[in-house]
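Enquirer: The structure under discussion is supplied below as structure tokens; questions concerning it will follow.
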Amino acid sequence: MSGRRRLQSDIVNGTTSFDPNTYAYLIIHYDKTGRRLSRSLHDLLVAGTDGAPVSNDRENAVHLRDHEEATGCPALELVPGVVHVQAAPDFFCDTNILAEYLLRNGDIFHEKKGIKVIHLVRNPFDWAVSTWVHDDQPMPESGAKTVDPCTPERWQGQQTLGNLVAPALSAGEDPIVRREDFDALQKMCMDISGKETTLRHLEPEAALSLATTHMLAQGRTGGDIMRMANNIVRLRQVQELEDHVRVSQHLLPPRPEERMIQVMTLAVHEFVQAPRAASLRFLDFALGDASLPEVKLRMATEFERSYLEKVRKIDGDIASDIDEKKTQLEGCLRQNELFERVLGEVERLVADALLAI
């Protein structure tokens, strides 16, 4: 059943008390920092009160940075009542297909009313600098320090990241990224690297630029800034599809908690600056009225204590926003015309997503 038809058949006007076991949960992240946070949020959710969702006991729901050749999306089958964690998913498919994949149920014995997606995002400038300073990638072996960032990467021998994100990011009169930007990033990469295949002999500013092209233009070992931007747009589009279906059925616009596809975008830095407030927002979204306010507040307070303790043990990794070196390197990116425009557009997209209800 297509995503549109599934929405048409399942949408109802009105809701009852929320049951976490009728929704699937998907926590999306893109780097080491996000991985640590997603695991902490996963543990917080499955350790909740009676009736809380359970873990699928897997590192990732599907392979990271991979997808079906025919559709452009991974073969998702997210079971209700289960918390799924996923690094760097490829949501390159048509909006209708993505809605279908998010809503289909791999468990015929349990009702699935919808899905709650928690999308952990980062400011692209800060992320690019952190990646270089801390080698902050989902998998250590995939970082720009260990692969040639200029070697073109393809899926099935022909699909490139630029082609796959173009429908979401390059459409319209004011695109987030222009199609020719990928050629410019490739040229910049080659100009900087020359015959070098590692970043060891480059000045920090040049090495940062090289690593940033890898985060923007590659597909199989990088490209996660573009992937994050693409996924923000695609997740927004599936919610717009649900709204359109409701209008076509002459139903009232849904409240956020009435959606079949619910998305909360959270910035990783929120959990460093105000972990209790951020985790309480997460719990309110994830559990709704299935858990009492005082119970969620107690869970958020405990999360704040344990998460800050973990952060302090990681040598200031994600708590180094005011580090002078990072500030100087971010300034270098903003002074580059190509990076300022492309990363700036993604920065605005992230900011808008964080403000969305």
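Residue numbering restarts at 1 in every chain; chains get A, B, ... in the order shown in the structure tokens, and ligands count up from 1 in that same order.
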Counting only C-alpha atoms, what is within 7 Å of region 155-165 of chain A, bar same-chain residues fewer than 6 positions away, as a PyMOL selection string?
Expert: chain A and resi 92+179+182+217-219+230
Enquirer: Taking 6 positions as the minimum chain separation for residues in the same chain, which residues sit within 12 Å of Ala356 (chain A) when counting only C-alpha atoms? Answer as number ranges by chain.
Expert: A: 232, 235-236, 239, 256, 262-266, 349-350
Enquirer: Considering only C-alpha atoms, state which residue in the set A:Leu308, A:Cys93, A:Ala184, A:Ala88 is at the smallest distance from Gly72 (chain A).
Expert: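 Of A:Leu308, A:Cys93, A:Ala184, A:Ala88, the one nearest Gly72 (chain A), counting only C-alpha atoms, is A:Cys93.
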Enquirer: Considering only helix (DSSP H, G or I) as DSSP defines it on the backbone, what residues of region 91-271 of chain A qualify? List them as number ranges by chain.
Expert: A: 95-103, 124-134, 140-142, 161-169, 179-193, 204-217, 224-248, 256-258, 270-271
Enquirer: Work out how far CA of Leu355 (chain A) is from CA of Ala290 (chain A), in Å to one decimal.
Expert: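 Separating CA of Ala290 (chain A) from CA of Leu355 (chain A) is a distance of 24.9 Å.
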Enquirer: Set the distance at 8 Å and use only C-alpha atoms: which residues neighbour region 186-189 of chain A once local chain neighbours fewer than 2 positions away are removed? I'd like the list as JSON, numbers by chain.
Expert: {"A": [149, 150, 182, 183, 184, 191, 192, 193, 209, 210, 213, 217]}
Enquirer: Just the selected residues (all heavy atoms), exported as a PDB file, in the first residue's frame, please.
Expert:
ATOM      1  N   PRO A 149      39.246  12.040   0.276  1.00  0.00           N
ATOM      2  CA  PRO A 149      37.958  12.724   0.167  1.00  0.00           C
ATOM      3  C   PRO A 149      37.621  13.164  -1.248  1.00  0.00           C
ATOM      4  O   PRO A 149      36.507  13.623  -1.498  1.00  0.00           O
ATOM      5  CB  PRO A 149      38.134  13.931   1.093  1.00  0.00           C
ATOM      6  CG  PRO A 149      39.592  14.198   1.103  1.00  0.00           C
ATOM      7  CD  PRO A 149      40.248  12.841   0.995  1.00  0.00           C
ATOM      8  N   CYS A 150      38.562  13.041  -2.190  1.00  0.00           N
ATOM      9  CA  CYS A 150      38.311  13.514  -3.550  1.00  0.00           C
ATOM     10  C   CYS A 150      37.935  12.404  -4.526  1.00  0.00           C
ATOM     11  O   CYS A 150      37.578  12.689  -5.674  1.00  0.00           O
ATOM     12  CB  CYS A 150      39.537  14.258  -4.080  1.00  0.00           C
ATOM     13  SG  CYS A 150      40.022  15.679  -3.087  1.00  0.00           S
ATOM     14  N   PHE A 182      28.324  20.934  -6.454  1.00  0.00           N
ATOM     15  CA  PHE A 182      29.057  19.683  -6.263  1.00  0.00           C
ATOM     16  C   PHE A 182      30.296  19.634  -7.145  1.00  0.00           C
ATOM     17  O   PHE A 182      31.343  19.116  -6.736  1.00  0.00           O
ATOM     18  CB  PHE A 182      28.133  18.488  -6.511  1.00  0.00           C
ATOM     19  CG  PHE A 182      27.145  18.269  -5.412  1.00  0.00           C
ATOM     20  CD1 PHE A 182      25.881  18.843  -5.475  1.00  0.00           C
ATOM     21  CD2 PHE A 182      27.478  17.517  -4.290  1.00  0.00           C
ATOM     22  CE1 PHE A 182      24.965  18.664  -4.448  1.00  0.00           C
ATOM     23  CE2 PHE A 182      26.573  17.328  -3.260  1.00  0.00           C
ATOM     24  CZ  PHE A 182      25.313  17.915  -3.334  1.00  0.00           C
ATOM     25  N   ASP A 183      30.205  20.195  -8.351  1.00  0.00           N
ATOM     26  CA  ASP A 183      31.389  20.295  -9.207  1.00  0.00           C
ATOM     27  C   ASP A 183      32.411  21.233  -8.584  1.00  0.00           C
ATOM     28  O   ASP A 183      33.626  20.960  -8.617  1.00  0.00           O
ATOM     29  CB  ASP A 183      30.997  20.798 -10.599  1.00  0.00           C
ATOM     30  CG  ASP A 183      30.128  19.813 -11.351  1.00  0.00           C
ATOM     31  OD1 ASP A 183      30.249  18.602 -11.100  1.00  0.00           O
ATOM     32  OD2 ASP A 183      29.330  20.256 -12.204  1.00  0.00           O
ATOM     33  N   ALA A 184      31.936  22.330  -8.002  1.00  0.00           N
ATOM     34  CA  ALA A 184      32.851  23.287  -7.372  1.00  0.00           C
ATOM     35  C   ALA A 184      33.535  22.675  -6.150  1.00  0.00           C
ATOM     36  O   ALA A 184      34.731  22.904  -5.908  1.00  0.00           O
ATOM     37  CB  ALA A 184      32.084  24.542  -6.976  1.00  0.00           C
ATOM     38  N   ASP A 191      42.069  20.715  -5.897  1.00  0.00           N
ATOM     39  CA  ASP A 191      43.046  21.800  -5.822  1.00  0.00           C
ATOM     40  C   ASP A 191      43.816  21.771  -4.510  1.00  0.00           C
ATOM     41  O   ASP A 191      45.020  22.053  -4.474  1.00  0.00           O
ATOM     42  CB  ASP A 191      42.343  23.157  -5.977  1.00  0.00           C
ATOM     43  CG  ASP A 191      41.844  23.402  -7.388  1.00  0.00           C
ATOM     44  OD1 ASP A 191      42.271  22.672  -8.304  1.00  0.00           O
ATOM     45  OD2 ASP A 191      41.016  24.310  -7.568  1.00  0.00           O
ATOM     46  N   ILE A 192      43.137  21.438  -3.424  1.00  0.00           N
ATOM     47  CA  ILE A 192      43.794  21.415  -2.117  1.00  0.00           C
ATOM     48  C   ILE A 192      44.671  20.183  -1.963  1.00  0.00           C
ATOM     49  O   ILE A 192      45.827  20.263  -1.526  1.00  0.00           O
ATOM     50  CB  ILE A 192      42.748  21.446  -0.977  1.00  0.00           C
ATOM     51  CG1 ILE A 192      41.995  22.766  -0.996  1.00  0.00           C
ATOM     52  CG2 ILE A 192      43.432  21.251   0.382  1.00  0.00           C
ATOM     53  CD1 ILE A 192      40.834  22.798  -0.021  1.00  0.00           C
ATOM     54  N   SER A 193      44.143  19.047  -2.340  1.00  0.00           N
ATOM     55  CA  SER A 193      44.841  17.793  -2.050  1.00  0.00           C
ATOM     56  C   SER A 193      45.996  17.517  -2.987  1.00  0.00           C
ATOM     57  O   SER A 193      47.002  16.920  -2.586  1.00  0.00           O
ATOM     58  CB  SER A 193      43.855  16.629  -2.093  1.00  0.00           C
ATOM     59  OG  SER A 193      43.347  16.469  -3.406  1.00  0.00           O
ATOM     60  N   SER A 209      39.189  22.557   5.139  1.00  0.00           N
ATOM     61  CA  SER A 209      38.436  22.720   3.886  1.00  0.00           C
ATOM     62  C   SER A 209      38.291  21.388   3.172  1.00  0.00           C
ATOM     63  O   SER A 209      37.224  21.061   2.635  1.00  0.00           O
ATOM     64  CB  SER A 209      39.140  23.730   2.980  1.00  0.00           C
ATOM     65  OG  SER A 209      39.135  25.023   3.558  1.00  0.00           O
ATOM     66  N   LEU A 210      39.366  20.612   3.158  1.00  0.00           N
ATOM     67  CA  LEU A 210      39.320  19.308   2.500  1.00  0.00           C
ATOM     68  C   LEU A 210      38.328  18.372   3.207  1.00  0.00           C
ATOM     69  O   LEU A 210      37.524  17.690   2.562  1.00  0.00           O
ATOM     70  CB  LEU A 210      40.719  18.691   2.494  1.00  0.00           C
ATOM     71  CG  LEU A 210      40.958  17.511   1.549  1.00  0.00           C
ATOM     72  CD1 LEU A 210      40.728  17.918   0.104  1.00  0.00           C
ATOM     73  CD2 LEU A 210      42.376  16.970   1.737  1.00  0.00           C
ATOM     74  N   THR A 213      34.706  19.421   2.398  1.00  0.00           N
ATOM     75  CA  THR A 213      34.213  18.962   1.101  1.00  0.00           C
ATOM     76  C   THR A 213      33.762  17.508   1.187  1.00  0.00           C
ATOM     77  O   THR A 213      32.786  17.108   0.552  1.00  0.00           O
ATOM     78  CB  THR A 213      35.275  19.107  -0.008  1.00  0.00           C
ATOM     79  OG1 THR A 213      36.409  18.256   0.275  1.00  0.00           O
ATOM     80  CG2 THR A 213      35.752  20.543  -0.146  1.00  0.00           C
ATOM     81  N   ALA A 217      30.135  16.535  -0.079  1.00  0.00           N
ATOM     82  CA  ALA A 217      30.006  16.046  -1.450  1.00  0.00           C
ATOM     83  C   ALA A 217      30.101  14.539  -1.612  1.00  0.00           C
ATOM     84  O   ALA A 217      29.650  14.003  -2.632  1.00  0.00           O
ATOM     85  CB  ALA A 217      31.052  16.719  -2.340  1.00  0.00           C
TER      86      ALA A 217
END
Enquirer: Would you list the contacts of Ala229 (chain A) as a PyMOL selection string, taking every protein, DNA or RNA residue within 10 Å and counting only C-alpha atoms, but skipping same-chain residues closer than 5 positions in sequence?
Expert: chain A and resi 121+124+165+168-169+176-177+224+234+345-347+349-350+353
Enquirer: Do a neighbour search on Asn60 (chain A) at 12 Å with only C-alpha atoms, toss out local chain neighbours closer than 3 positions, and write the hits as a PyMOL selection string.
Expert: chain A and resi 26-30+35+38-39+42+55-57+63-66+74+76+78+83-89+138
Enquirer: For region 275-289 of chain A, list every protein, DNA or RNA residue within 6 Å, evaluated using only C-alpha atoms, and leave out those in the same chain fewer than 5 positions away; present the list as a compact mmCIF listing (two decimals) with all heavy atoms, in the first residue's frame.
Expert:
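Now in out-v5.txt:
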# COMPACT_ATOMS: atom_id res chain seq x y z
N ALA A 300 13.93 13.10 33.59
CA ALA A 300 14.77 14.13 32.97
C ALA A 300 15.86 14.60 33.93
O ALA A 300 17.00 14.86 33.51
CB ALA A 300 13.91 15.31 32.54
N THR A 301 15.53 14.69 35.20
CA THR A 301 16.53 15.11 36.19
C THR A 301 17.64 14.08 36.30
O THR A 301 18.83 14.42 36.38
CB THR A 301 15.85 15.33 37.56
OG1 THR A 301 14.83 16.32 37.42
CG2 THR A 301 16.86 15.78 38.59
N GLU A 304 19.85 14.28 33.22
CA GLU A 304 20.81 15.40 33.31
C GLU A 304 22.04 15.00 34.09
O GLU A 304 23.18 15.26 33.67
CB GLU A 304 20.13 16.60 33.97
CG GLU A 304 21.05 17.80 34.14
CD GLU A 304 20.35 18.96 34.81
OE1 GLU A 304 19.70 18.73 35.86
OE2 GLU A 304 20.45 20.09 34.31
Enquirer: Would you mind reading off the distance between CA of Glu330 (chain A) and CA of Leu216 (chain A), one decimal, in Å?
Expert: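 It comes out at 15.5 Å.
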Enquirer: Let me make sure I understand: among A:Phe125, A:Phe271, A:Phe109, A:Tyr23, which one has the smallest atom-to-atom distance to Gly81 (chain A) if we use only C-alpha atoms?
Expert: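 Of A:Phe125, A:Phe271, A:Phe109, A:Tyr23, the one nearest Gly81 (chain A) is A:Tyr23, counting only C-alpha atoms.
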Enquirer: Need to verify the contact set: region 96-98 of chain A, 12 Å, only C-alpha atoms, exclusion of same-chain residues closer than 2 positions in sequence. Can you return it as a PyMOL selection string?
Expert: chain A and resi 1-7+67-68+70-77+89-94+100-104+231+233-242+244-245+261
